[in-house]
file start.txt (compact mmCIF, C-alpha atoms)
# COMPACT_ATOMS: atom_id res chain seq x y z
CA MET T 1 -8.20 -12.36 -5.94
CA VAL T 2 -7.78 -8.68 -6.52
CA GLN T 3 -6.02 -6.54 -9.05
CA SER T 4 -4.39 -3.43 -7.68
CA VAL T 5 -2.26 -0.41 -8.39
CA GLU T 6 0.26 0.34 -5.67
CA LEU T 7 2.94 2.87 -4.84
CA LEU T 8 6.37 1.62 -3.86
CA VAL T 9 8.69 3.37 -1.43
CA ASP T 10 12.44 3.86 -1.66
CA ASP T 11 14.89 1.24 -0.38
CA ALA T 12 15.52 2.93 2.98
CA ALA T 13 11.80 3.22 3.79
CA GLU T 14 11.21 -0.34 2.61
CA ALA T 15 13.98 -1.55 4.95
CA GLU T 16 12.41 0.38 7.85
CA ILE T 17 8.98 -1.16 7.24
CA ARG T 18 10.57 -4.61 7.01
CA ARG T 19 12.30 -3.91 10.36
CA GLN T 20 8.91 -3.08 11.85
CA TRP T 21 7.44 -6.28 10.38
CA THR T 22 10.26 -8.17 12.10
CA LEU T 23 9.45 -6.49 15.43
CA LEU T 24 5.82 -7.54 15.02
CA ALA T 25 6.83 -11.11 14.16
CA GLU T 26 9.00 -11.18 17.27
CA ALA T 27 5.97 -9.97 19.26
CA GLY T 28 4.18 -13.13 18.10
CA LEU T 29 1.67 -11.74 15.62
CA PRO T 30 0.41 -14.66 13.52
CA SER T 31 -0.04 -12.62 10.32
CA VAL T 32 3.58 -11.45 10.31
CA THR T 33 5.76 -14.43 9.49
CA ALA T 34 9.32 -14.73 8.25
CA LYS T 35 7.95 -15.96 4.92
CA ALA T 36 5.62 -12.97 4.63
CA ILE T 37 8.46 -10.58 5.45
CA GLU T 38 10.57 -12.23 2.76
CA THR T 39 7.91 -12.41 0.03
CA HIS T 40 5.78 -9.29 0.56
CA ARG T 41 6.79 -5.79 -0.37
CA PRO T 42 5.75 -2.65 1.52
CA HIS T 43 3.35 -0.61 -0.60
CA ILE T 44 0.56 1.93 -0.58
CA THR T 45 -2.54 0.68 -2.38
CA ILE T 46 -4.13 3.44 -4.46
CA ALA T 47 -6.65 1.50 -6.59
CA VAL T 48 -8.24 -1.95 -6.53
CA ALA T 49 -10.65 -3.87 -8.76
CA ARG T 50 -11.70 -7.48 -9.24
CA GLN T 51 -10.49 -7.20 -12.82
CA ILE T 52 -8.42 -4.53 -14.58
CA TRP T 53 -9.04 -4.56 -18.30
CA PRO T 54 -6.19 -4.36 -20.86
CA ARG T 55 -7.29 -0.88 -21.99
CA ILE T 56 -7.01 0.28 -18.37
CA ASP T 57 -3.51 -1.19 -18.12
CA SER T 58 -2.62 0.75 -21.29
CA ALA T 59 -3.92 3.96 -19.73
CA LEU T 60 -1.90 3.28 -16.56
CA ASP T 61 1.23 2.85 -18.66
CA GLN T 62 0.70 6.37 -20.02
CA LEU T 63 0.85 7.98 -16.57
CA ILE T 64 3.73 10.39 -16.15
CA PHE T 65 5.46 9.65 -12.85
CA ARG T 66 8.34 11.26 -11.02
CA PRO T 67 9.44 10.18 -7.54
CA PHE T 68 8.30 12.49 -4.75
CA PRO T 69 8.74 12.74 -0.98
CA VAL T 70 6.22 11.68 1.65
CA ARG T 71 6.32 11.17 5.39
CA LEU T 72 5.43 7.89 7.04
CA GLY T 73 3.59 8.87 10.17
CA GLY T 74 1.89 7.38 13.17
CA VAL T 75 0.51 3.93 13.82
CA LEU T 76 -3.24 3.48 13.31
CA VAL T 77 -5.67 0.64 13.84
CA PHE T 78 -8.34 -0.01 11.20
CA GLY T 79 -11.40 -1.99 12.19
CA ALA T 80 -12.44 -3.57 15.47
CA ARG T 81 -13.47 -7.13 14.73
CA HIS T 82 -10.31 -8.07 12.83
CA PRO T 83 -7.97 -5.13 13.50
CA ILE T 84 -5.38 -4.13 10.95
CA LEU T 85 -2.28 -2.29 12.14
CA VAL T 86 -1.02 0.31 9.67
CA ARG T 87 1.47 3.14 9.41
CA LEU T 88 -0.16 6.33 8.13
CA VAL T 89 1.27 7.99 5.03
CA VAL T 90 0.83 11.69 5.71
CA PRO T 91 -1.37 12.99 2.88
CA THR T 92 0.17 15.61 0.60
CA GLU T 93 -1.34 17.36 -2.38
CA GLN T 94 0.96 15.43 -4.72
CA LEU T 95 0.01 12.06 -3.19
CA LEU T 96 -3.71 12.82 -3.23
CA THR T 97 -3.54 14.08 -6.83
CA LEU T 98 -1.77 10.92 -8.03
CA GLN T 99 -4.23 8.69 -6.19
CA ARG T 100 -7.17 10.56 -7.73
CA ARG T 101 -5.67 10.23 -11.24
CA VAL T 102 -5.13 6.49 -10.83
CA TYR T 103 -8.53 5.95 -9.22
CA ASP T 104 -10.22 7.78 -12.10
CA ILE T 105 -8.47 5.47 -14.58
CA VAL T 106 -9.31 2.25 -12.70
CA SER T 107 -12.80 3.13 -11.40
CA PRO T 108 -14.73 1.85 -14.47
CA CYS T 109 -13.48 -1.67 -13.67
CA PRO T 110 -15.69 -3.99 -11.60
CA GLY T 111 -15.22 -4.27 -7.86
CA ALA T 112 -13.61 -0.95 -6.98
CA PRO T 113 -14.21 -0.60 -3.20
CA ALA T 114 -15.74 2.56 -1.78
CA ASN T 115 -12.90 3.11 0.71
CA LEU T 116 -10.52 3.82 -2.18
CA ARG T 117 -12.61 6.69 -3.56
CA PRO T 118 -10.43 9.81 -3.43
CA ASP T 119 -12.47 11.48 -0.68
CA ALA T 120 -12.62 8.29 1.41
CA TRP T 121 -9.06 6.96 1.00
CA THR T 122 -6.63 6.85 3.93
CA PRO T 123 -3.07 6.42 2.64
CA HIS T 124 -1.19 3.80 4.63
CA ILE T 125 1.22 0.89 4.63
CA THR T 126 -0.09 -2.26 6.28
CA LEU T 127 2.03 -3.58 9.14
CA ALA T 128 -0.16 -6.52 10.29
CA ARG T 129 -3.55 -7.94 9.37
CA ARG T 130 -6.10 -9.66 11.59
CA VAL T 131 -4.32 -8.73 14.79
CA PRO T 132 -5.89 -10.70 17.66
CA VAL T 133 -7.54 -8.14 19.93
CA ARG T 134 -5.66 -9.53 22.94
CA GLN T 135 -2.36 -8.76 21.14
CA LEU T 136 -3.29 -5.32 19.86
CA GLY T 137 -1.62 -3.41 22.70
CA ASP T 138 1.61 -5.39 22.32
CA ALA T 139 1.55 -4.89 18.56
CA VAL T 140 1.12 -1.13 18.85
CA HIS T 141 3.79 -0.99 21.54
CA ALA T 142 6.25 -2.91 19.32
CA VAL T 143 6.23 -0.18 16.65
CA ALA T 144 4.71 2.92 18.25
CA ALA T 145 7.99 4.07 19.77
CA ASP T 146 9.29 4.58 16.25
CA ARG T 147 9.06 8.13 14.99
CA ASP T 148 7.73 9.45 11.74
CA PHE T 149 10.27 9.07 8.97
CA PRO T 150 10.74 10.39 5.46
CA ALA T 151 10.23 8.24 2.40
CA THR T 152 10.17 8.69 -1.33
CA ILE T 153 7.46 7.29 -3.53
CA ALA T 154 9.82 5.56 -5.94
CA GLY T 155 7.44 3.91 -8.38
CA ILE T 156 4.04 2.56 -9.30
CA ARG T 157 3.34 -1.12 -9.77
CA ARG T 158 0.44 -3.24 -10.92
CA TRP T 159 -0.23 -6.30 -8.81
CA ASP T 160 -2.14 -9.23 -10.27
CA GLY T 161 -3.35 -11.25 -7.31
CA ASP T 162 -4.61 -14.07 -9.53
CA GLN T 163 -1.22 -14.69 -11.14
CA ARG T 164 0.75 -13.38 -8.15
CA ARG T 165 2.91 -11.17 -10.32
CA GLU T 166 3.82 -7.50 -10.45
CA TRP T 167 5.10 -5.06 -13.04
CA PRO T 168 5.90 -1.34 -13.15
CA VAL T 169 3.48 1.14 -14.70
CA GLY T 170 3.81 4.78 -15.68
CA ARG T 171 6.50 6.68 -17.46
CA GLY T 172 9.36 8.45 -15.76
CA ARG T 173 10.27 11.97 -16.77
call {"tool": "encode", "arguments": {"input": "start.txt", "output": "structure tokens"}}
result
Amino acid sequence: MVQSVELLVDDAAEAEIRRQWTLLAEAGLPSVTAKAIETHRPHITIAVARQIWPRIDSALDQLIFRPFPVRLGGVLVFGARHPILVRLVVPTEQLLTLQRRVYDIVSPCPGAPANLRPDAWTPHITLARRVPVRQLGDAVHAVAADRDFPATIAGIRRWDGDQRREWPVGRGR
């Protein structure tokens, strides 16, 4: 399993993403189930490693964080063999700076993927994984009519995929 650091959105944006997950479930996408909608939380992954050491967790806890606005933009498809449907998070200087700070803290840990390097990262919220190619058009159609919408990055969490638990990191000002 993976260890990650993720940004959480405000309640209104979370509800909107959950609504889109429901539309995708109604369109018959196998990766979007009622259980997944109930148990998963919309997030923006900003750092990943196979293991995050305790000293790294301590450094993450020292981050100063204040909520800030972002815009959730268009629908994108990542990959071709096992497409992933995502909603773009429009990059801002504040978002990119925070991601770089967190990446720099986590990068000494083993298993940090190259696509999360600051100059290679595409900020997004996943809508559906492993979309069957034959359903890709229907999946995009289910959520593409939705317009961009504002959101607030409301917090930072650590996700421990091994123990399936989360906790907040960073200090508010």
call {"tool": "closest_residue", "arguments": {"input": "start.txt", "among": "T:Thr45, T:Arg164, T:Leu60, T:Ala80", "to": "T:Trp121", "atoms": "only C-alpha atoms"}}
result
T:Thr45
call {"tool": "atom_distance", "arguments": {"input": "start.txt", "atom1": "atom CA of T:Gln62", "atom2": "atom CA of T:Gly170"}}
result
5.6 Å
call {"tool": "atom_distance", "arguments": {"input": "start.txt", "atom1": "atom CA of T:Asp10", "atom2": "atom CA of T:Thr152"}}
result
5.3 Å
call {"tool": "closest_residue", "arguments": {"input": "start.txt", "among": "T:Leu116, T:Leu23, T:Ala142, T:Ala15", "to": "T:Arg41", "atoms": "all atoms listed in the file"}}
result
T:Ala15
call {"tool": "closest_atom_pairs", "arguments": {"input": "start.txt", "of": "stretch 143-171 of chain T", "to": "stretch 97-103 of chain T", "cutoff": "12 Å", "atoms": "only C-alpha atoms", "output": "CSV"}}
result
residue,atom,partner,partner_atom,distance
T:Ile153,CA,T:Leu98,CA,10.9
T:Gly155,CA,T:Leu98,CA,11.6
T:Ile156,CA,T:Val102,CA,10.1
T:Arg157,CA,T:Val102,CA,11.4
T:Arg158,CA,T:Val102,CA,11.2
T:Val169,CA,T:Val102,CA,10.9
T:Gly170,CA,T:Val102,CA,10.3
call {"tool": "write_last_selection", "arguments": {"input": "start.txt", "atoms": "C-alpha atoms", "output": "CSV table (one decimal), in the coordinates of the input"}}
result
chain,number,residue,atom,x,y,z
T,153,ILE,CA,7.5,7.3,-3.5
T,155,GLY,CA,7.4,3.9,-8.4
T,156,ILE,CA,4.0,2.6,-9.3
T,157,ARG,CA,3.3,-1.1,-9.8
T,158,ARG,CA,0.4,-3.2,-10.9
T,169,VAL,CA,3.5,1.1,-14.7
T,170,GLY,CA,3.8,4.8,-15.7
